[in-house]
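Note: the block below is entry-v9.txt and it holds compact mmCIF, C-alpha atoms.
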# COMPACT_ATOMS: atom_id res chain seq x y z
CA MET A 63 52.14 53.77 -38.68
CA ILE A 64 50.38 54.54 -41.94
CA ALA A 65 46.95 54.52 -40.29
CA GLY A 66 48.19 57.05 -37.73
CA LEU A 67 49.47 59.33 -40.45
CA ILE A 68 46.23 58.97 -42.40
CA LEU A 69 44.24 59.99 -39.33
CA LEU A 70 46.59 62.92 -38.78
CA GLY A 71 46.12 63.94 -42.40
CA GLY A 72 42.37 63.48 -42.17
CA GLY A 73 42.21 65.68 -39.08
CA ALA A 74 44.38 68.29 -40.82
CA ALA A 75 42.14 68.22 -43.90
CA ALA A 76 39.06 68.66 -41.71
CA GLY A 77 40.81 71.55 -39.96
CA VAL A 78 41.83 73.24 -43.23
CA PHE A 79 38.45 72.87 -44.92
CA GLY A 80 36.56 73.77 -41.77
CA SER A 81 38.65 76.89 -41.35
CA LEU A 82 38.28 77.92 -45.01
CA LEU A 83 34.54 77.29 -45.12
CA GLY A 84 33.56 78.52 -41.69
CA LEU A 85 32.57 75.05 -40.52
CA GLY A 86 33.24 73.42 -37.22
CA GLY A 87 35.33 70.27 -37.27
CA GLY A 88 32.65 67.91 -36.02
CA ILE A 89 30.49 68.07 -39.12
CA LEU A 90 33.50 66.76 -41.07
CA ILE A 91 35.20 64.48 -38.57
CA VAL A 92 32.20 62.34 -37.61
CA PRO A 93 31.40 61.22 -41.19
CA MET A 94 35.11 60.82 -41.97
CA LEU A 95 35.61 58.45 -39.02
CA THR A 96 32.39 56.50 -39.53
CA LEU A 97 32.12 56.28 -43.31
CA GLY A 98 35.85 56.53 -44.07
CA PHE A 99 37.46 54.57 -41.25
CA GLY A 100 34.59 52.36 -40.11
CA LEU A 101 34.43 53.57 -36.52
CA PRO A 102 31.13 53.17 -34.64
CA LEU A 103 29.19 56.43 -34.66
CA ARG A 104 29.38 56.94 -30.90
CA GLU A 105 33.17 56.56 -30.90
CA ALA A 106 33.39 59.04 -33.76
CA VAL A 107 31.20 61.50 -31.87
CA ALA A 108 33.42 61.12 -28.79
CA VAL A 109 36.61 61.83 -30.77
CA SER A 110 34.93 64.73 -32.53
CA LEU A 111 33.90 66.30 -29.22
CA VAL A 112 37.54 66.33 -28.08
CA SER A 113 38.58 68.05 -31.30
CA VAL A 114 35.73 70.56 -30.85
CA ILE A 115 37.19 71.47 -27.44
CA VAL A 116 40.64 71.98 -28.98
CA THR A 117 39.14 74.26 -31.61
CA SER A 118 37.12 76.16 -29.02
CA SER A 119 40.01 76.67 -26.60
CA ALA A 120 42.38 77.85 -29.34
CA SER A 121 39.87 80.28 -30.79
CA ALA A 122 38.50 81.51 -27.46
CA ALA A 123 42.03 82.32 -26.36
CA VAL A 124 42.39 84.80 -29.19
CA TYR A 125 38.86 86.15 -29.03
CA LEU A 126 39.14 86.83 -25.31
CA GLN A 127 42.54 88.48 -25.58
CA ARG A 128 41.21 90.67 -28.38
CA HIS A 129 38.03 91.31 -26.35
CA VAL A 130 35.82 90.21 -29.21
CA ALA A 131 33.95 87.48 -27.30
CA ASN A 132 31.42 88.48 -24.66
CA LEU A 133 32.62 86.47 -21.65
CA ARG A 134 29.65 87.38 -19.45
CA LEU A 135 27.03 86.49 -22.04
CA GLY A 136 28.91 83.37 -23.06
CA MET A 137 29.17 82.09 -19.51
CA THR A 138 25.49 82.70 -18.88
CA LEU A 139 24.39 80.88 -22.02
CA GLU A 140 26.89 78.06 -21.63
CA LEU A 141 25.19 77.10 -18.37
CA PHE A 142 22.21 76.14 -20.53
CA SER A 143 24.21 74.62 -23.38
CA ALA A 144 26.06 72.50 -20.79
CA ILE A 145 22.72 71.31 -19.38
CA GLY A 146 21.67 70.37 -22.92
CA ALA A 147 24.97 68.59 -23.44
CA LEU A 148 24.58 66.68 -20.19
CA VAL A 149 21.16 65.45 -21.28
CA GLY A 150 22.42 64.73 -24.82
CA GLY A 151 25.44 62.82 -23.53
CA LEU A 152 23.18 60.55 -21.51
CA VAL A 153 20.56 60.16 -24.23
CA ALA A 154 23.26 59.23 -26.76
CA PHE A 155 23.81 55.97 -24.89
CA MET A 156 20.13 55.17 -24.83
CA ILE A 157 19.25 55.49 -28.51
CA ALA A 158 20.24 53.30 -31.41
CA GLU A 159 23.16 54.32 -33.62
CA ARG A 160 20.79 54.25 -36.59
CA VAL A 161 18.79 57.05 -35.00
CA LEU A 162 21.99 59.03 -34.46
CA ALA A 163 22.95 58.43 -38.10
CA GLY A 164 19.53 59.70 -39.19
CA LEU A 165 19.90 62.84 -37.08
CA PHE A 166 23.36 63.41 -38.48
CA ALA A 167 22.09 63.00 -42.04
CA ALA A 168 19.46 65.66 -41.33
CA LEU A 169 22.07 68.01 -39.87
CA ILE A 170 24.44 67.57 -42.82
CA THR A 171 21.60 68.18 -45.27
CA TRP A 172 20.73 71.41 -43.50
CA VAL A 173 24.36 72.56 -43.53
CA ALA A 174 24.72 71.66 -47.24
CA ILE A 175 21.59 73.66 -48.12
CA SER A 176 22.78 76.61 -46.02
CA MET A 177 26.16 76.54 -47.79
CA ALA A 178 24.56 76.29 -51.22
CA ARG A 179 22.37 79.32 -50.48
CA ARG A 180 25.20 81.37 -49.05
CA LYS A 181 25.89 84.55 -50.97
CA ASP A 182 29.43 85.65 -51.61
CA PRO A 183 30.48 88.93 -50.09
CA PRO A 184 31.94 91.43 -52.55
CA LYS A 185 35.64 90.83 -52.99
CA ALA A 186 37.66 93.50 -51.24
CA PRO A 187 41.03 94.29 -52.79
CA VAL A 188 43.78 93.09 -50.49
CA ALA A 189 47.20 94.59 -50.85
CA ALA A 190 50.05 92.14 -51.12
CA GLY A 191 51.33 91.31 -47.69
CA ALA A 192 48.52 93.14 -45.99
CA PRO A 193 47.43 91.48 -42.77
CA ALA A 194 43.90 90.81 -44.01
CA THR A 195 41.70 88.55 -41.99
CA ALA A 196 39.47 85.65 -42.93
CA THR A 197 36.51 87.60 -41.62
CA GLU A 198 37.08 90.39 -44.04
CA THR A 199 37.71 88.35 -47.14
CA ALA A 200 35.89 85.07 -46.76
CA THR A 201 32.49 84.19 -45.40
CA PRO A 202 30.56 86.38 -42.98
CA ASN A 203 31.08 83.95 -40.17
CA ALA A 204 34.62 82.92 -40.92
CA THR A 205 36.96 83.92 -38.17
CA HIS A 206 40.12 85.87 -37.91
CA ALA A 207 43.35 84.85 -39.46
CA ALA A 208 46.12 83.47 -37.41
CA ASP A 209 48.75 85.54 -35.86
CA GLY A 210 50.80 82.58 -34.84
CA GLY A 211 50.44 79.11 -33.37
CA ALA A 212 47.68 78.87 -30.81
CA GLN A 213 46.89 82.42 -31.79
CA ALA A 214 45.25 80.87 -34.81
CA VAL A 215 41.52 81.38 -34.68
CA PHE A 216 39.43 78.48 -35.79
CA ALA A 217 36.19 78.63 -37.65
CA ALA A 218 32.73 78.59 -36.22
CA GLU A 219 29.89 76.76 -37.85
CA PRO A 220 27.91 78.34 -40.65
CA VAL A 221 25.25 80.97 -40.45
CA ASP A 222 22.72 81.55 -43.18
CA PRO A 223 23.70 85.00 -44.49
CA GLU A 224 20.22 85.62 -45.86
CA LEU A 225 18.91 85.58 -42.35
CA VAL A 226 21.76 87.86 -41.36
CA HIS A 227 20.70 90.38 -44.00
CA LEU A 228 17.13 90.18 -42.72
CA ILE A 229 18.16 91.06 -39.20
CA ASP A 230 20.36 93.84 -40.48
CA VAL A 231 17.31 95.65 -41.85
CA ALA A 232 14.84 94.59 -39.19
CA PRO A 233 13.78 97.06 -36.50
CA ALA A 234 15.42 96.58 -33.12
CA PRO A 235 13.40 94.46 -30.72
CA ALA A 236 11.12 96.62 -28.62
CA ILE A 237 11.26 94.48 -25.52
CA ALA A 238 12.63 96.32 -22.51
CA ALA A 239 15.83 94.66 -21.42
CA GLN A 240 15.82 93.23 -17.96
CA SER A 241 18.60 94.19 -15.61
CA PHE A 242 20.47 90.92 -15.98
CA ALA A 243 20.26 91.00 -19.77
CA ALA A 244 21.44 94.59 -19.66
CA ALA A 245 24.44 93.55 -17.59
CA LEU A 246 25.35 91.05 -20.31
CA SER A 247 25.25 93.64 -23.09
CA GLY A 248 28.34 94.94 -24.80
CA PRO A 249 29.49 98.21 -26.32
CA GLY A 250 27.13 99.27 -29.09
CA TYR A 251 24.55 96.55 -28.59
CA ARG A 252 22.03 95.41 -26.04
CA VAL A 253 21.16 91.80 -25.34
CA HIS A 254 17.50 91.02 -25.94
CA ARG A 255 15.31 87.96 -25.40
CA LEU A 256 17.62 86.23 -22.96
CA PRO A 257 15.14 83.38 -22.26
CA ALA A 258 15.05 82.55 -25.98
CA GLY A 259 18.86 82.50 -25.99
CA MET A 260 18.85 80.14 -23.02
CA LEU A 261 16.40 77.80 -24.76
CA GLY A 262 18.44 77.89 -27.97
CA SER A 263 21.57 77.11 -25.96
CA VAL A 264 19.97 74.03 -24.41
CA PHE A 265 19.08 72.78 -27.89
CA ALA A 266 22.60 73.57 -29.16
CA GLY A 267 24.11 71.59 -26.29
CA LEU A 268 21.82 68.65 -26.99
CA ASN A 269 22.79 68.74 -30.65
CA SER A 270 26.49 68.96 -29.77
CA ALA A 271 26.47 65.99 -27.42
CA LEU A 272 24.41 63.74 -29.69
CA LEU A 273 26.24 64.47 -32.92
CA GLY A 274 29.73 65.57 -31.86
CA VAL A 275 29.49 69.06 -33.32
CA GLY A 276 30.16 72.44 -31.75
CA GLY A 277 26.58 73.62 -31.96
CA GLY A 278 27.54 76.98 -33.45
CA ILE A 279 25.08 76.36 -36.25
CA ILE A 280 22.35 76.99 -33.67
CA LYS A 281 24.05 79.34 -31.21
CA VAL A 282 25.32 81.92 -33.69
CA PRO A 283 21.94 82.55 -35.37
CA VAL A 284 20.16 82.60 -32.00
CA MET A 285 22.58 85.14 -30.54
CA HIS A 286 22.72 87.26 -33.66
CA LEU A 287 19.20 87.09 -35.01
CA VAL A 288 17.19 86.62 -31.84
CA MET A 289 19.27 88.32 -29.16
CA GLY A 290 20.62 91.18 -31.23
CA VAL A 291 24.30 90.46 -30.63
CA PRO A 292 26.60 91.54 -33.50
CA LEU A 293 27.57 88.66 -35.80
CA ARG A 294 31.27 88.81 -35.04
CA THR A 295 30.66 88.83 -31.27
CA SER A 296 28.12 86.02 -31.66
CA THR A 297 30.63 83.90 -33.58
CA ALA A 298 33.40 84.56 -31.06
CA THR A 299 31.14 83.95 -28.05
CA SER A 300 29.73 80.78 -29.60
CA ASN A 301 33.24 79.47 -30.22
CA MET A 302 34.13 80.10 -26.59
CA MET A 303 30.96 78.37 -25.38
CA MET A 304 31.65 75.25 -27.45
CA GLY A 305 34.45 74.20 -25.10
CA ILE A 306 32.50 73.75 -21.88
CA THR A 307 29.47 72.51 -23.82
CA ALA A 308 31.52 69.73 -25.40
CA THR A 309 33.27 69.07 -22.08
CA ALA A 310 29.95 68.41 -20.31
CA SER A 311 29.29 65.49 -22.64
CA ALA A 312 32.93 64.52 -23.36
CA VAL A 313 33.42 63.53 -19.71
CA ILE A 314 30.53 61.09 -20.10
CA TYR A 315 32.12 59.57 -23.22
CA LEU A 316 35.53 59.54 -21.47
CA LEU A 317 34.31 57.77 -18.35
CA ARG A 318 32.30 55.30 -20.43
CA ASP A 319 35.49 54.39 -22.35
CA GLU A 320 34.18 55.64 -25.69
CA ILE A 321 37.19 57.88 -26.41
CA ASP A 322 39.97 56.03 -28.20
CA PRO A 323 43.18 57.96 -27.44
CA PHE A 324 44.93 56.44 -30.46
CA VAL A 325 42.30 57.93 -32.75
CA ALA A 326 41.61 61.13 -30.80
CA GLY A 327 45.32 62.05 -30.59
CA PRO A 328 46.13 62.24 -34.32
CA ILE A 329 42.73 63.75 -35.15
CA CYS A 330 43.04 66.56 -32.57
CA LEU A 331 46.62 67.31 -33.56
CA GLY A 332 45.65 67.30 -37.23
CA VAL A 333 42.68 69.61 -36.66
CA PHE A 334 44.87 72.01 -34.68
CA ILE A 335 47.52 72.13 -37.40
CA GLY A 336 45.00 72.16 -40.24
CA ALA A 337 42.88 74.97 -38.81
CA SER A 338 46.00 77.06 -38.24
CA ALA A 339 47.06 76.48 -41.84
CA GLY A 340 43.55 77.08 -43.15
CA SER A 341 43.30 80.51 -41.60
CA ARG A 342 46.57 81.42 -43.34
CA LEU A 343 45.39 80.01 -46.69
CA ALA A 344 42.06 81.81 -46.62
CA HIS A 345 43.21 84.63 -48.88
CA ARG A 346 44.81 82.42 -51.51
CA VAL A 347 41.96 80.00 -52.14
CA ASP A 348 38.80 80.58 -54.14
CA VAL A 349 36.36 79.68 -51.42
CA ARG A 350 33.39 79.71 -53.82
CA ILE A 351 34.67 76.68 -55.76
CA LEU A 352 35.68 74.97 -52.55
CA ARG A 353 32.25 75.57 -51.09
CA TRP A 354 30.42 74.03 -54.04
CA LEU A 355 32.75 71.06 -53.94
CA PHE A 356 31.89 70.76 -50.30
CA VAL A 357 28.17 70.97 -50.90
CA VAL A 358 28.56 67.93 -53.17
CA VAL A 359 30.64 66.09 -50.56
CA LEU A 360 28.15 66.91 -47.82
CA GLY A 361 25.28 65.80 -50.04
CA TYR A 362 26.99 62.47 -50.71
CA THR A 363 27.76 62.08 -46.99
CA ALA A 364 24.15 62.82 -46.08
CA ILE A 365 22.98 60.09 -48.45
CA GLN A 366 25.46 57.60 -46.98
CA MET A 367 24.38 58.47 -43.44
CA ALA A 368 20.72 58.14 -44.43
CA ILE A 369 21.44 54.72 -45.94
CA ARG A 370 23.08 53.70 -42.67
CA ALA A 371 20.14 55.06 -40.70
CA LEU A 372 17.64 53.14 -42.81
CA GLY A 373 19.75 49.97 -42.66
CA LEU A 374 19.80 49.60 -46.44
CA MET B 131 33.32 95.40 -31.43
CA SER B 132 36.66 96.15 -32.95
CA ALA B 133 39.73 94.25 -31.94
CA GLY B 134 41.34 95.77 -28.96
CA ALA B 135 38.21 97.66 -27.98
CA ARG B 136 37.64 98.24 -24.31
CA ALA B 137 35.70 95.55 -22.51
CA PRO B 138 32.17 96.62 -21.60
CA HIS B 139 32.47 96.37 -17.84
CA GLY B 140 35.67 98.21 -17.04
CA ASP B 141 39.25 97.36 -16.35
CA ALA B 142 38.50 94.34 -14.15
CA ALA B 143 36.55 92.63 -16.93
CA PHE B 144 39.21 93.63 -19.44
CA ALA B 145 41.93 92.07 -17.27
CA LEU B 146 39.84 88.96 -16.62
CA GLU B 147 39.29 88.33 -20.33
CA THR B 148 43.03 88.71 -20.93
CA ALA B 149 43.87 86.34 -18.07
CA VAL B 150 41.39 83.71 -19.21
CA GLY B 151 42.68 84.04 -22.78
CA ARG B 152 46.26 83.48 -21.61
CA LEU B 153 45.21 80.42 -19.63
CA LEU B 154 43.67 78.97 -22.78
CA VAL B 155 46.75 79.73 -24.90
CA VAL B 156 49.12 78.06 -22.44
CA GLY B 157 46.78 75.13 -21.80
CA THR B 158 46.12 74.49 -25.49
CA TRP B 159 49.81 74.53 -26.33
CA LEU B 160 50.66 72.23 -23.43
CA ALA B 161 47.91 69.81 -24.43
CA MET B 162 49.08 69.82 -28.04
CA VAL B 163 52.69 69.13 -26.99
CA LEU B 164 51.52 66.13 -24.93
CA VAL B 165 49.35 64.85 -27.78
CA LEU B 166 52.20 65.37 -30.26
CA ALA B 167 54.53 63.34 -28.02
CA GLY B 168 51.88 60.61 -27.81
CA VAL B 169 51.33 60.55 -31.56
CA VAL B 170 55.07 60.41 -32.29
CA LEU B 171 55.52 57.53 -29.81
CA MET B 172 52.47 55.81 -31.28
CA LEU B 173 53.97 56.02 -34.76
CA LEU B 174 57.41 54.90 -33.56
CA THR B 175 56.08 51.92 -31.61
CA GLY B 176 53.93 50.83 -34.53
CA VAL B 177 50.53 51.08 -32.81
CA ASP B 178 47.80 50.91 -35.42
CA PRO B 179 45.08 53.32 -34.23
CA LEU B 180 42.44 51.58 -36.33
CA ALA B 181 43.33 48.00 -35.43
CA HIS B 182 44.71 47.91 -31.91
CA GLY B 183 41.87 45.94 -30.39
CA ALA B 184 39.64 47.24 -27.62
CA ILE B 185 39.82 50.90 -26.64
CA PRO B 186 42.30 51.23 -23.78
CA GLY B 187 40.10 52.21 -20.85
CA PHE B 188 40.74 55.53 -19.18
CA ASP B 189 42.59 55.15 -15.88
CA ALA B 190 43.91 58.42 -14.52
CA ALA B 191 46.11 56.67 -11.97
CA ARG B 192 48.09 54.94 -14.72
CA ILE B 193 48.96 58.08 -16.65
CA PRO B 194 52.13 59.06 -14.70
CA ALA B 195 53.54 55.53 -14.93
CA ASP B 196 52.75 55.32 -18.64
CA ILE B 197 54.47 58.65 -19.26
CA LEU B 198 57.56 57.59 -17.32
CA ALA B 199 57.64 54.37 -19.33
CA LEU B 200 57.26 56.44 -22.55
CA ARG B 201 54.10 54.59 -23.48
CA PRO B 202 52.10 56.58 -26.06
CA GLU B 203 48.77 56.15 -24.28
CA GLY B 204 50.16 57.97 -21.22
CA PHE B 205 50.93 61.11 -23.22
CA LEU B 206 47.72 60.85 -25.23
CA TRP B 207 45.53 60.48 -22.16
CA ALA B 208 47.36 63.34 -20.40
CA GLY B 209 46.80 65.55 -23.45
CA ILE B 210 43.14 64.56 -23.80
CA VAL B 211 42.45 65.09 -20.09
CA LEU B 212 44.08 68.51 -20.32
CA ILE B 213 42.00 69.34 -23.40
CA ILE B 214 38.79 68.33 -21.65
CA GLY B 215 39.84 70.03 -18.42
CA LEU B 216 40.80 73.32 -20.02
CA PRO B 217 37.26 74.74 -20.38
CA ILE B 218 36.62 73.71 -16.77
CA GLY B 219 39.71 75.67 -15.74
CA ARG B 220 38.52 78.59 -17.83
CA VAL B 221 35.14 78.63 -16.07
CA PHE B 222 36.82 78.30 -12.66
CA VAL B 223 39.24 81.18 -13.27
CA ALA B 224 36.48 83.36 -14.69
CA GLY B 225 34.23 82.55 -11.72
CA VAL B 226 36.94 83.50 -9.24
CA GLY B 227 37.57 86.67 -11.23
CA PHE B 228 33.89 87.59 -11.19
CA LEU B 229 33.68 87.03 -7.44
CA ALA B 230 36.86 89.03 -6.85
CA ALA B 231 35.28 91.88 -8.83
CA GLY B 232 32.17 91.66 -6.65
CA ASP B 233 29.94 90.20 -9.36
CA ARG B 234 28.13 87.53 -7.39
CA ARG B 235 25.62 86.77 -10.12
CA LEU B 236 28.24 85.76 -12.66
CA GLY B 237 30.18 84.02 -9.89
CA LEU B 238 27.07 81.94 -9.19
CA VAL B 239 26.60 81.23 -12.90
CA SER B 240 30.22 79.95 -13.06
CA LEU B 241 29.60 77.73 -10.05
CA LEU B 242 26.45 76.32 -11.64
CA VAL B 243 28.33 75.55 -14.87
CA LEU B 244 30.90 73.63 -12.85
CA LEU B 245 28.08 71.82 -11.05
CA VAL B 246 26.63 70.70 -14.38
CA VAL B 247 30.00 69.23 -15.34
CA LEU B 248 30.18 67.53 -11.94
CA VAL B 249 26.72 66.05 -12.50
CA SER B 250 27.98 64.75 -15.88
CA VAL B 251 30.85 62.99 -14.12
CA ILE B 252 28.55 61.52 -11.48
CA ALA B 253 26.02 60.45 -14.11
CA ALA B 254 28.76 58.80 -16.20
CA LEU B 255 30.11 56.97 -13.16
CA GLY B 256 26.57 55.91 -12.29
CA LEU B 257 26.01 54.53 -15.76
CA GLU B 258 29.37 52.78 -15.56
CA GLY B 259 28.43 51.13 -12.27

Represent the structure of the file as C-alpha cells.
Amino acid sequence: MIAGLILLGGGAAAGVFGSLLGLGGGILIVPMLTLGFGLPLREAVAVSLVSVIVTSSASAAVYLQRHVANLRLGMTLELFSAIGALVGGLVAFMIAERVLAGLFAALITWVAISMARRKDPPKAPVAAGAPATATETATPNATHAADGGAQAVFAAEPVDPELVHLIDVAPAPAIAAQSFAAALSGPGYRVHRLPAGMLGSVFAGLNSALLGVGGGIIKVPVMHLVMGVPLRTSTATSNMMMGITATASAVIYLLRDEIDPFVAGPICLGVFIGASAGSRLAHRVDVRILRWLFVVVLGYTAIQMAIRALGL
Amino acid sequence: MSAGARAPHGDAAFALETAVGRLLVVGTWLAMVLVLAGVVLMLLTGVDPLAHGAIPGFDAARIPADILALRPEGFLWAGIVLIIGLPIGRVFVAGVGFLAAGDRRLGLVSLLVLLVVLVSVIAALGLEG
C-alpha cells in the first residue's frame, strides 16, 4: 500500500513541478522511476508515455475549446511525429538500455542548461483574486491556469527564451507560402517552412518514443522559430500533438507487455492531480528559486544517468 | 491568438475544435475515474506496485471480467486503454469533421495518422510473434 501511495505522490510531485516549471512530465518521471524506484528504463519510458498522453489530452481539451491550438497544423505535423514515434518505438527494443540512458542523460543536460539560461520575465502586478494565468506570470512557455478539473492546462516542455527573443526581432521569412501551408495558417500569422516543420516533427516523435517525453522541447521551437507560429499557439499545438505521438509508440509498449498497470495507474493519476494543483499554485511560488533547485536536481540526474550509461 | 478568438477557417472549424475539445474532456475524466478506481482497489487489496512479480500481460478480453470481479488490474487496464485510445478518437472525430466540411486534404491527413497507429499495432504484434 505504501509503495502505491509513494508512486502516487511521486507522480503528483512530477505534475506539480512540471506545471510550475513548464516541463513535460516525462523528463521527471523516467529518472524518478529508474533511479528512484529501480524500474528498467524501458518500463519507465512506457509508463511515462502513458502519463504524457494524459497530460496532452487534458491540455488539448482546454486549448481546443479556447481555440488557442491550431488543429489543422497540429494534425498535419502529428502525422510526421507519429511516424517518428513508430520508428522510435521499434528502435527502442533493438538498442541497449545503456544507450537509452546515455541519450536521456544528454537530453536532461540540455534541458538543465536551457533552464539555467532562461531569463525571468518582468513581474506583472497581480491583483488579489484576479484570474491571472500561468502564461502571464510564469515562464514564457508555461500554460494557462486551471479553470477546474480536466480544464486544468498542463505544461509543455521548455523553450529557450533567448531564441524566442531572437525570432521576435528577426525579419519575417521571405519564402512564399505554398497553398497547403497557407491553409494551415491562423489569424495574424502565416505558416512558413512546412517541410522543416515536418522534419522536426519526425525527430520529436523519435525522441518521444525512445525517451518517454512529450517532444515539446523540439516541436515548440521548430513551430515558433522556424515556422513562424506564435509561441502560445506553438505551445498549445505541441501539447495537442503529444497525445497521438505518444500513442503511436505506447501501443508498441502496451502490446509488448512493457506497461505495468500497477505503476502506470498511480503515476498517471498523480500527474493529473499534481499538474492541476501546479497550475493553481503558479502565482504563489517563486519559480526562480524552484527553477535553480531543479537545475541542480537535473544536473545530478544527468550524472546518474551517464554513470548508468557508462556502466560505472 | 487570444482566448475565445474566432477559429481561422470559419464556423465549421470553430465547432469542430469545440467538439474535439469536449471529447477530450469527457474521455480524460472517464479514464481518470477508471484509474482512480483501480488505484483505490490496488491499495485496498494490498498489491505492491513495485514488488508484484512479472508485469501482468495486457489481455483486452479479460478486462470486463476483471472489472466485474473488482480486480484492480481490470480498472487500471480499462483506464490505460482509454488514455491511449483517446488521441486516436480525437484524430478520428477531427477527420470525420474535416470530411464533413469538405476538406479532403485534412481528412486524408487524419486517415494517414490513423494508418500510422495501425502500423504500430501490426508492428508490435509482429515483434510479439

Note to self: Between CA of Phe265 in chain A and CA of Leu152 in chain A, what is the distance in Å, rounded to a tenth?
What the structure shows: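 Computing the Euclidean distance for CA of Phe265 in chain A and CA of Leu152 in chain A yields 14.4 Å.
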
For a quick test of understanding: name the residues of chain B lying within 6 Å of chain A when counting only C-alpha atoms, and present them as an mmCIF file with C-alpha atoms, in the coordinates of the input.
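Printed below is selection_29.cif as written:
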data_model
loop_
_atom_site.group_PDB
_atom_site.id
_atom_site.type_symbol
_atom_site.label_atom_id
_atom_site.label_comp_id
_atom_site.auth_asym_id
_atom_site.auth_seq_id
_atom_site.Cartn_x
_atom_site.Cartn_y
_atom_site.Cartn_z
ATOM 1 C CA ALA B 133 39.730 94.250 -31.940
ATOM 2 C CA GLY B 134 41.340 95.770 -28.960
ATOM 3 C CA PRO B 138 32.170 96.620 -21.600
ATOM 4 C CA GLU B 147 39.290 88.330 -20.330
ATOM 5 C CA THR B 148 43.030 88.710 -20.930
ATOM 6 C CA GLY B 151 42.680 84.040 -22.780
ATOM 7 C CA LEU B 154 43.670 78.970 -22.780
ATOM 8 C CA VAL B 155 46.750 79.730 -24.900
ATOM 9 C CA VAL B 165 49.350 64.850 -27.780
ATOM 10 C CA LEU B 173 53.970 56.020 -34.760
ATOM 11 C CA GLY B 176 53.930 50.830 -34.530
ATOM 12 C CA PRO B 179 45.080 53.320 -34.230
ATOM 13 C CA ILE B 185 39.820 50.900 -26.640
ATOM 14 C CA GLY B 187 40.100 52.210 -20.850
ATOM 15 C CA LEU B 206 47.720 60.850 -25.230
ATOM 16 C CA ILE B 214 38.790 68.330 -21.650
ATOM 17 C CA PRO B 217 37.260 74.740 -20.380
ATOM 18 C CA VAL B 243 28.330 75.550 -14.870
ATOM 19 C CA VAL B 247 30.000 69.230 -15.340
ATOM 20 C CA SER B 250 27.980 64.750 -15.880
ATOM 21 C CA ALA B 254 28.760 58.800 -16.200
#

Check: Mind pulling up the distance from CA of Leu273 in chain A to CA of Leu165 in chain A?
Finding: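 Those two atoms sit 7.8 Å apart.
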
Check: What is the distance between CA of Val156 in chain B and CA of Val246 in chain B, in Å to one decimal?
Finding: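 These two atoms are separated by 25.0 Å.
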
Notebook entry, point to check: Skipping near chain neighbours, those fewer than 6 positions away, what residues fall within 12 Å of Gln366 in chain A using only C-alpha atoms, listed as a list of chain:residue names?
Noted result: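 Near neighbours after the sequence-gap exclusion: A:Pro93, A:Met94, A:Thr96, A:Leu97, A:Gly98, A:Arg160, A:Ala163, A:Gly164, A:Phe166, A:Ala167, A:Ala168, A:Ile170, A:Thr171, A:Val359, A:Leu360, A:Leu372, A:Gly373, A:Leu374.
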
Next item on the list: Name the closest residue to Ile197 in chain B among the candidates B:Val239, B:Met162, B:Ala167, B:Ile210; distances are taken between atoms, counting only C-alpha atoms.
Entry: B:Ala167

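If all atoms listed in the file are the atoms counted, then among B:Ile213, B:Val226, B:Leu255, B:Leu171 the closest residue to Ala199 in chain B is B:Leu171.
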
Note to self: I want to know what sits within 12 Å of Ala190 in chain B, based on only C-alpha atoms, with residues of the same chain fewer than 4 positions away left out; could you give that as a ChimeraX atom specification?
What the structure shows: /A:316-317 /B:186,194-197,203-212

Item checked: Which of B:Arg192, B:His182, B:Arg201, B:Arg152 sits closest to Val169 in chain B [using all atoms listed in the file] ->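 Checking each candidate against Val169 in chain B, we get B:Arg201 as the closest.
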